[in-house]
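> Pasting upload-v9.txt below, which is compact mmCIF, N, CA and C atoms.
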# COMPACT_ATOMS: atom_id res chain seq x y z
N GLN G 1 109.10 106.35 68.38
CA GLN G 1 108.89 105.59 69.61
C GLN G 1 107.57 106.03 70.25
N VAL G 2 106.74 105.06 70.58
CA VAL G 2 105.44 105.35 71.17
C VAL G 2 105.60 105.58 72.67
N GLN G 3 104.97 106.62 73.15
CA GLN G 3 105.00 106.91 74.57
C GLN G 3 103.63 107.38 75.01
N LEU G 4 103.14 106.79 76.09
CA LEU G 4 101.89 107.22 76.72
C LEU G 4 102.23 107.79 78.08
N VAL G 5 101.68 108.96 78.36
CA VAL G 5 101.98 109.63 79.62
C VAL G 5 100.67 110.01 80.30
N GLU G 6 100.48 109.50 81.52
CA GLU G 6 99.28 109.82 82.30
C GLU G 6 99.55 111.03 83.20
N SER G 7 98.51 111.78 83.45
CA SER G 7 98.59 112.90 84.39
C SER G 7 97.24 113.10 85.05
N GLY G 8 97.23 113.89 86.11
CA GLY G 8 95.98 114.24 86.75
C GLY G 8 95.67 113.51 88.04
N GLY G 9 96.52 112.56 88.42
CA GLY G 9 96.27 111.86 89.67
C GLY G 9 96.49 112.77 90.87
N GLY G 10 96.09 112.27 92.03
CA GLY G 10 96.27 113.04 93.25
C GLY G 10 95.51 112.43 94.39
N SER G 11 95.37 113.20 95.45
CA SER G 11 94.65 112.76 96.64
C SER G 11 93.40 113.59 96.83
N VAL G 12 92.28 112.91 97.02
CA VAL G 12 91.01 113.59 97.25
C VAL G 12 90.25 112.87 98.35
N GLU G 13 89.25 113.55 98.88
CA GLU G 13 88.37 112.93 99.85
C GLU G 13 87.24 112.20 99.12
N ALA G 14 86.67 111.24 99.80
CA ALA G 14 85.54 110.50 99.23
C ALA G 14 84.46 111.47 98.78
N GLY G 15 83.90 111.19 97.61
CA GLY G 15 82.90 112.07 97.03
C GLY G 15 83.47 113.10 96.08
N GLY G 16 84.78 113.24 96.07
CA GLY G 16 85.42 114.22 95.22
C GLY G 16 85.61 113.72 93.79
N SER G 17 86.27 114.56 92.99
CA SER G 17 86.46 114.26 91.57
C SER G 17 87.90 114.47 91.17
N LEU G 18 88.31 113.71 90.16
CA LEU G 18 89.60 113.91 89.51
C LEU G 18 89.42 113.66 88.02
N ARG G 19 90.28 114.27 87.24
CA ARG G 19 90.27 114.03 85.80
C ARG G 19 91.67 113.59 85.38
N LEU G 20 91.76 112.38 84.89
CA LEU G 20 93.02 111.85 84.40
C LEU G 20 93.13 112.07 82.91
N SER G 21 94.33 112.25 82.43
CA SER G 21 94.56 112.45 81.01
C SER G 21 95.70 111.55 80.55
N CYS G 22 95.53 110.98 79.38
CA CYS G 22 96.56 110.14 78.76
C CYS G 22 96.97 110.81 77.46
N ALA G 23 98.22 111.24 77.40
CA ALA G 23 98.73 111.89 76.20
C ALA G 23 99.69 110.96 75.48
N ALA G 24 99.59 110.95 74.16
CA ALA G 24 100.42 110.05 73.36
C ALA G 24 101.40 110.82 72.50
N SER G 25 102.57 110.26 72.37
CA SER G 25 103.53 110.76 71.39
C SER G 25 103.99 109.59 70.53
N GLY G 26 104.19 109.85 69.25
CA GLY G 26 104.54 108.77 68.34
C GLY G 26 103.39 107.83 68.04
N TYR G 27 102.18 108.25 68.38
CA TYR G 27 101.00 107.40 68.23
C TYR G 27 99.78 108.30 68.20
N THR G 28 98.86 108.03 67.28
CA THR G 28 97.67 108.85 67.18
C THR G 28 96.46 108.06 67.65
N PHE G 29 95.69 108.67 68.53
CA PHE G 29 94.46 108.03 69.02
C PHE G 29 93.38 108.17 67.97
N ARG G 30 93.47 107.31 66.97
CA ARG G 30 92.49 107.34 65.89
C ARG G 30 92.38 105.93 65.34
N ARG G 31 91.18 105.40 65.34
CA ARG G 31 90.91 104.04 64.87
C ARG G 31 91.74 103.01 65.64
N ASN G 32 91.73 103.17 66.96
CA ASN G 32 92.33 102.17 67.82
C ASN G 32 91.54 102.14 69.13
N CYS G 33 92.08 101.46 70.09
CA CYS G 33 91.38 101.22 71.34
C CYS G 33 92.25 101.73 72.48
N VAL G 34 91.69 102.55 73.33
CA VAL G 34 92.43 103.09 74.46
C VAL G 34 91.65 102.83 75.74
N ALA G 35 92.34 102.32 76.73
CA ALA G 35 91.68 101.95 77.98
C ALA G 35 92.42 102.51 79.18
N TRP G 36 91.68 102.61 80.26
CA TRP G 36 92.26 102.91 81.57
C TRP G 36 92.15 101.65 82.43
N PHE G 37 93.26 101.32 83.05
CA PHE G 37 93.31 100.22 84.01
C PHE G 37 93.73 100.80 85.36
N ARG G 38 93.53 100.02 86.40
CA ARG G 38 94.03 100.41 87.71
C ARG G 38 94.51 99.18 88.45
N GLN G 39 95.44 99.43 89.34
CA GLN G 39 95.98 98.34 90.15
C GLN G 39 96.27 98.83 91.54
N ALA G 40 95.61 98.21 92.50
CA ALA G 40 95.84 98.51 93.91
C ALA G 40 96.86 97.52 94.45
N PRO G 41 97.55 97.89 95.53
CA PRO G 41 98.56 96.98 96.10
C PRO G 41 97.97 95.61 96.43
N GLY G 42 98.63 94.57 95.98
CA GLY G 42 98.19 93.21 96.26
C GLY G 42 97.05 92.72 95.41
N LYS G 43 96.61 93.54 94.45
CA LYS G 43 95.50 93.14 93.59
C LYS G 43 95.93 93.08 92.14
N GLU G 44 95.15 92.39 91.33
CA GLU G 44 95.43 92.30 89.90
C GLU G 44 95.04 93.61 89.21
N ARG G 45 95.66 93.81 88.06
CA ARG G 45 95.30 94.99 87.26
C ARG G 45 93.88 94.82 86.73
N GLU G 46 93.09 95.86 86.87
CA GLU G 46 91.66 95.81 86.56
C GLU G 46 91.32 96.83 85.48
N GLY G 47 90.57 96.40 84.46
CA GLY G 47 90.10 97.32 83.45
C GLY G 47 89.01 98.23 84.02
N VAL G 48 89.14 99.52 83.79
CA VAL G 48 88.19 100.51 84.32
C VAL G 48 87.25 101.00 83.22
N ALA G 49 87.81 101.40 82.10
CA ALA G 49 87.00 101.95 81.00
C ALA G 49 87.80 101.87 79.71
N VAL G 50 87.07 101.84 78.61
CA VAL G 50 87.71 101.76 77.29
C VAL G 50 86.93 102.62 76.30
N ILE G 51 87.64 103.12 75.32
CA ILE G 51 87.00 103.85 74.23
C ILE G 51 87.59 103.39 72.91
N SER G 52 86.71 103.19 71.95
CA SER G 52 87.13 102.92 70.58
C SER G 52 87.26 104.26 69.88
N THR G 53 88.47 104.66 69.59
CA THR G 53 88.67 106.02 69.09
C THR G 53 88.22 106.17 67.64
N GLY G 54 87.85 105.07 67.01
CA GLY G 54 87.30 105.17 65.67
C GLY G 54 85.87 105.67 65.68
N GLY G 55 85.02 105.02 66.47
CA GLY G 55 83.61 105.38 66.48
C GLY G 55 83.11 105.96 67.79
N GLY G 56 83.97 105.94 68.81
CA GLY G 56 83.57 106.53 70.07
C GLY G 56 82.83 105.60 71.01
N SER G 57 82.74 104.31 70.66
CA SER G 57 82.08 103.38 71.57
C SER G 57 82.87 103.28 72.87
N THR G 58 82.14 103.09 73.97
CA THR G 58 82.77 103.00 75.28
C THR G 58 82.22 101.81 76.05
N SER G 59 82.99 101.38 77.05
CA SER G 59 82.54 100.35 77.96
C SER G 59 83.20 100.61 79.31
N TYR G 60 82.50 100.19 80.37
CA TYR G 60 82.99 100.48 81.72
C TYR G 60 82.90 99.23 82.59
N ALA G 61 83.77 99.18 83.57
CA ALA G 61 83.63 98.17 84.61
C ALA G 61 82.38 98.50 85.43
N ASP G 62 81.71 97.48 85.92
CA ASP G 62 80.49 97.70 86.70
C ASP G 62 80.75 98.59 87.91
N SER G 63 81.92 98.48 88.48
CA SER G 63 82.24 99.22 89.71
C SER G 63 82.34 100.72 89.50
N VAL G 64 82.45 101.17 88.24
CA VAL G 64 82.61 102.61 88.00
C VAL G 64 81.49 103.19 87.12
N LYS G 65 80.58 102.36 86.66
CA LYS G 65 79.49 102.84 85.80
C LYS G 65 78.70 103.92 86.51
N GLY G 66 78.42 104.99 85.78
CA GLY G 66 77.66 106.09 86.34
C GLY G 66 78.50 107.10 87.09
N ARG G 67 79.76 106.76 87.36
CA ARG G 67 80.64 107.67 88.08
C ARG G 67 81.81 108.15 87.22
N PHE G 68 82.31 107.28 86.35
CA PHE G 68 83.46 107.60 85.51
C PHE G 68 83.00 107.78 84.07
N THR G 69 83.70 108.67 83.35
CA THR G 69 83.42 108.88 81.94
C THR G 69 84.74 108.96 81.17
N ILE G 70 84.85 108.15 80.14
CA ILE G 70 86.04 108.18 79.29
C ILE G 70 85.72 108.96 78.02
N SER G 71 86.66 109.77 77.56
CA SER G 71 86.44 110.58 76.37
C SER G 71 87.76 110.82 75.65
N GLN G 72 87.66 111.25 74.41
CA GLN G 72 88.86 111.53 73.65
C GLN G 72 88.85 112.96 73.15
N ASP G 73 90.03 113.54 73.01
CA ASP G 73 90.19 114.87 72.46
C ASP G 73 91.12 114.74 71.27
N ASN G 74 90.55 114.77 70.07
CA ASN G 74 91.36 114.56 68.88
C ASN G 74 92.38 115.67 68.67
N ALA G 75 92.01 116.88 69.02
CA ALA G 75 92.92 118.02 68.81
C ALA G 75 94.18 117.89 69.66
N LEU G 76 94.00 117.42 70.88
CA LEU G 76 95.12 117.29 71.80
C LEU G 76 95.75 115.90 71.76
N ASN G 77 95.08 114.97 71.07
CA ASN G 77 95.53 113.58 71.03
C ASN G 77 95.63 113.00 72.43
N THR G 78 94.55 113.17 73.19
CA THR G 78 94.49 112.63 74.55
C THR G 78 93.22 111.81 74.73
N VAL G 79 93.27 110.93 75.70
CA VAL G 79 92.08 110.22 76.17
C VAL G 79 91.99 110.50 77.67
N ASP G 80 90.85 111.01 78.09
CA ASP G 80 90.68 111.44 79.46
C ASP G 80 89.72 110.52 80.22
N LEU G 81 89.87 110.52 81.53
CA LEU G 81 88.96 109.77 82.39
C LEU G 81 88.48 110.71 83.48
N GLN G 82 87.23 111.11 83.39
CA GLN G 82 86.60 111.94 84.42
C GLN G 82 86.06 111.03 85.51
N MET G 83 86.52 111.23 86.72
CA MET G 83 86.12 110.37 87.84
C MET G 83 85.38 111.21 88.87
N ASN G 84 84.11 110.92 89.06
CA ASN G 84 83.28 111.62 90.02
C ASN G 84 82.85 110.67 91.14
N SER G 85 82.38 111.25 92.21
CA SER G 85 81.89 110.46 93.35
C SER G 85 82.89 109.38 93.74
N LEU G 86 84.12 109.79 93.88
CA LEU G 86 85.19 108.84 94.17
C LEU G 86 85.01 108.19 95.54
N LYS G 87 85.41 106.93 95.61
CA LYS G 87 85.30 106.14 96.82
C LYS G 87 86.70 105.67 97.25
N PRO G 88 86.87 105.36 98.51
CA PRO G 88 88.18 104.85 98.95
C PRO G 88 88.64 103.63 98.15
N GLU G 89 87.70 102.82 97.72
CA GLU G 89 88.07 101.62 96.95
C GLU G 89 88.54 101.94 95.53
N ASP G 90 88.45 103.21 95.13
CA ASP G 90 89.01 103.62 93.83
C ASP G 90 90.50 103.90 93.93
N THR G 91 91.03 103.88 95.14
CA THR G 91 92.46 104.13 95.34
C THR G 91 93.30 103.09 94.62
N ALA G 92 94.19 103.55 93.75
CA ALA G 92 95.02 102.64 92.96
C ALA G 92 95.96 103.46 92.08
N MET G 93 96.89 102.76 91.45
CA MET G 93 97.67 103.36 90.37
C MET G 93 96.85 103.17 89.10
N TYR G 94 96.66 104.24 88.36
CA TYR G 94 95.87 104.21 87.14
C TYR G 94 96.81 104.27 85.93
N TYR G 95 96.55 103.36 84.99
CA TYR G 95 97.38 103.24 83.79
C TYR G 95 96.54 103.43 82.54
N CYS G 96 97.15 104.04 81.55
CA CYS G 96 96.57 104.17 80.22
C CYS G 96 97.19 103.09 79.34
N ALA G 97 96.38 102.49 78.46
CA ALA G 97 96.88 101.46 77.55
C ALA G 97 96.25 101.65 76.19
N ALA G 98 96.99 101.31 75.15
CA ALA G 98 96.49 101.46 73.78
C ALA G 98 96.76 100.20 72.98
N GLY G 99 95.82 99.88 72.11
CA GLY G 99 95.95 98.69 71.28
C GLY G 99 95.15 98.83 70.00
N PRO G 100 95.16 97.83 69.17
CA PRO G 100 94.41 97.87 67.92
C PRO G 100 92.91 97.89 68.16
N LEU G 101 92.16 98.26 67.14
CA LEU G 101 90.71 98.44 67.25
C LEU G 101 90.02 97.19 67.78
N GLY G 102 90.47 96.03 67.34
CA GLY G 102 89.84 94.79 67.75
C GLY G 102 89.96 94.50 69.24
N THR G 103 90.83 95.21 69.91
CA THR G 103 91.00 95.01 71.34
C THR G 103 89.72 95.31 72.10
N PHE G 104 88.87 96.13 71.53
CA PHE G 104 87.66 96.57 72.22
C PHE G 104 86.84 95.38 72.71
N TRP G 105 86.84 94.30 71.93
CA TRP G 105 85.97 93.16 72.26
C TRP G 105 86.54 92.28 73.37
N ARG G 106 87.75 92.56 73.79
CA ARG G 106 88.35 91.88 74.94
C ARG G 106 89.10 92.92 75.76
N TRP G 107 88.45 94.03 75.97
CA TRP G 107 89.13 95.22 76.45
C TRP G 107 89.68 95.10 77.85
N ALA G 108 89.10 94.24 78.68
CA ALA G 108 89.56 94.16 80.05
C ALA G 108 90.80 93.27 80.24
N LEU G 109 91.30 92.71 79.16
CA LEU G 109 92.49 91.85 79.25
C LEU G 109 93.75 92.67 79.03
N PRO G 110 94.58 92.84 80.05
CA PRO G 110 95.80 93.64 79.89
C PRO G 110 96.70 93.17 78.75
N MET G 111 96.73 91.86 78.50
CA MET G 111 97.63 91.34 77.48
C MET G 111 97.22 91.75 76.07
N ALA G 112 96.02 92.29 75.92
CA ALA G 112 95.55 92.67 74.59
C ALA G 112 96.14 93.99 74.10
N TYR G 113 96.82 94.72 74.96
CA TYR G 113 97.32 96.06 74.64
C TYR G 113 98.80 96.06 74.31
N ASN G 114 99.15 96.92 73.34
CA ASN G 114 100.54 97.00 72.90
C ASN G 114 101.37 98.00 73.69
N TYR G 115 100.70 99.06 74.14
CA TYR G 115 101.43 100.17 74.75
C TYR G 115 100.81 100.55 76.10
N TRP G 116 101.69 100.89 77.04
CA TRP G 116 101.27 101.26 78.39
C TRP G 116 102.00 102.50 78.85
N GLY G 117 101.31 103.29 79.65
CA GLY G 117 101.96 104.39 80.32
C GLY G 117 102.56 103.93 81.65
N GLN G 118 103.19 104.86 82.34
CA GLN G 118 103.86 104.56 83.61
C GLN G 118 102.92 104.63 84.81
N GLY G 119 101.77 105.24 84.63
CA GLY G 119 100.77 105.28 85.69
C GLY G 119 100.75 106.59 86.45
N THR G 120 99.60 106.85 87.06
CA THR G 120 99.44 108.01 87.92
C THR G 120 98.63 107.56 89.14
N GLN G 121 99.05 107.99 90.32
CA GLN G 121 98.45 107.50 91.56
C GLN G 121 97.19 108.29 91.90
N VAL G 122 96.15 107.56 92.26
CA VAL G 122 94.91 108.16 92.75
C VAL G 122 94.68 107.62 94.16
N THR G 123 94.52 108.53 95.12
CA THR G 123 94.27 108.15 96.50
C THR G 123 93.01 108.84 97.00
N VAL G 124 92.06 108.05 97.47
CA VAL G 124 90.80 108.59 97.95
C VAL G 124 90.68 108.26 99.43
N SER G 125 90.55 109.29 100.24
CA SER G 125 90.45 109.09 101.69
C SER G 125 89.00 109.16 102.14
N SER G 126 88.71 108.43 103.19
CA SER G 126 87.33 108.39 103.70
C SER G 126 87.08 109.51 104.70
What does this structure look like when you write it as structure tokens?

Amino acid sequence: QVQLVESGGGSVEAGGSLRLSCAASGYTFRRNCVAWFRQAPGKEREGVAVISTGGGSTSYADSVKGRFTISQDNALNTVDLQMNSLKPEDTAMYYCAAGPLGTFWRWALPMAYNYWGQGTQVTVSS
């Protein structure tokens, strides 16, 4: 059974940093596509960043470029999201999602992913 578990959320002040981690069981982050999404109350789920775990290619939403970095740790079988210079508008529930390699080319579409975690809350105060 595939399970994705997010961790690392919390509350920080604007300008602060958090590091989210997505750990998988029953699934190996190798030659597939792993993304972070977020959803704020009353808003649609938004793609934040994606990594192709085969070759390491990445892509980011314009709103987080230069502030967030997605990376993978093959030894730990995790995909992490380093979030710097956080803003109040980054406040949301953050979800990890995994799908086949081809998902990369339509990475911001939630329906393209097979597996989802339960989410971790990130709250940024001004």
> Residues near Leu20 (chain G), anyone? I mean within 6 Å using only N, CA and C atoms, not counting same-chain ones fewer than 3 positions away, as an MDAnalysis selection string.
chainID G and resid 7:9 79:83
> Which residue out of G:Leu101, G:Ala23, G:Gln39, G:Gly47 has the minimum interatomic distance to Asp62 (chain G) when all atoms listed in the file are used?
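Nearest candidate to Asp62 (chain G) out of G:Leu101, G:Ala23, G:Gln39, G:Gly47: G:Gly47.
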> For region 50-56 of chain G, work out the shell of residues within 7 Å, counting only N, CA and C atoms and skipping chain neighbours fewer than 2 positions away, then give it as a list in words.
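My list of contacting residues is Phe29, Arg30, Arg31, Asn32, Cys33, Val34, Ala35, Trp36, Gly47, Val48, Thr58, Ser59, Tyr60, Ala61, Ile70, Ser71, Leu101, Phe104 and Trp107 of chain G.
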> Find the residue from G:Asn77, G:Ser11, G:Thr103, G:Gln72 that sits nearest to Gln121 (chain G); use only N, CA and C atoms when measuring.
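Smallest distance to Gln121 (chain G) is found for G:Ser11.
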> Compare G:Ala75, G:Leu86, G:Tyr94, G:Pro100 by their minimum atom-to-atom distance to Gly117 (chain G), counting all atoms listed in the file, and give me the closest one.
G:Tyr94
> Between G:Ser17, G:Thr120, G:Ser63, G:Thr28, single out the one closest to Glu89 (chain G), counting only C-alpha atoms.
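Counting only C-alpha atoms, the residue closest to Glu89 (chain G) is G:Ser63.
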> Please return as a PyMOL selection string: the residues of region 32-101 of chain G that backbone DSSP assigns to strand (DSSP E).
chain G and resi 32-39+46-52+58-60+68-73+78-83+92-100
> Record the distance separating atom N of Ala92 (chain G) and atom N of Phe68 (chain G), expressed in Å with one decimal.
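Answer for the atom N of Ala92 (chain G) to atom N of Phe68 (chain G) separation: 14.5 Å.
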> Excluding same-chain residues fewer than 4 positions from Gly26 (chain G), what lies within 6 Å of it counting all atoms listed in the file, as a list of chain:residue names?
G:Gln1, G:Val2, G:Gln3
> Can I get the selection written as a CSV table (one decimal), in the frame of the given file, with N, CA and C atoms?

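What follows is the written file again07.csv:
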chain,number,residue,atom,x,y,z
G,1,GLN,N,109.1,106.4,68.4
G,1,GLN,CA,108.9,105.6,69.6
G,1,GLN,C,107.6,106.0,70.2
G,2,VAL,N,106.7,105.1,70.6
G,2,VAL,CA,105.4,105.4,71.2
G,2,VAL,C,105.6,105.6,72.7
G,3,GLN,N,105.0,106.6,73.2
G,3,GLN,CA,105.0,106.9,74.6
G,3,GLN,C,103.6,107.4,75.0
> Atom N of Ala98 (chain G) and atom C of Phe37 (chain G) are how many Å apart?
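It comes out at 10.7 Å.
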> Hey, can you check how far CA of Pro41 (chain G) sits from CA of Val122 (chain G)?
12.2 Å
> Kindly extract all protein, DNA and RNA residues lying within 5 Å of the coordinates (99.0, 107.1, 72.9) given in the file, considering only N, CA and C atoms, and supply them as number ranges by chain.
G: 4, 23-25, 27
> Using the chain letters and numbers from this document, which residues of region 31-113 of chain G does DSSP assign to helix (DSSP H, G or I), as a list in words?
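After running DSSP on the backbone, region 31-113 of chain G has helix (DSSP H, G or I) at Pro88, Glu89, Asp90, Leu101, Gly102, Thr103, Phe104, Trp105, Arg106, Pro110, Met111 and Ala112 of chain G.
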> Go through G:Arg38, G:Arg19, G:Arg67, G:Lys43 and flag the residue nearest Lys87 (chain G), using only C-alpha atoms for the distances.
G:Arg67
> So, with all atoms listed in the file as the atoms that count, which of G:Thr78, G:Asn84, G:Glu6, G:Thr69 lies closest to Ala49 (chain G)?
G:Thr69
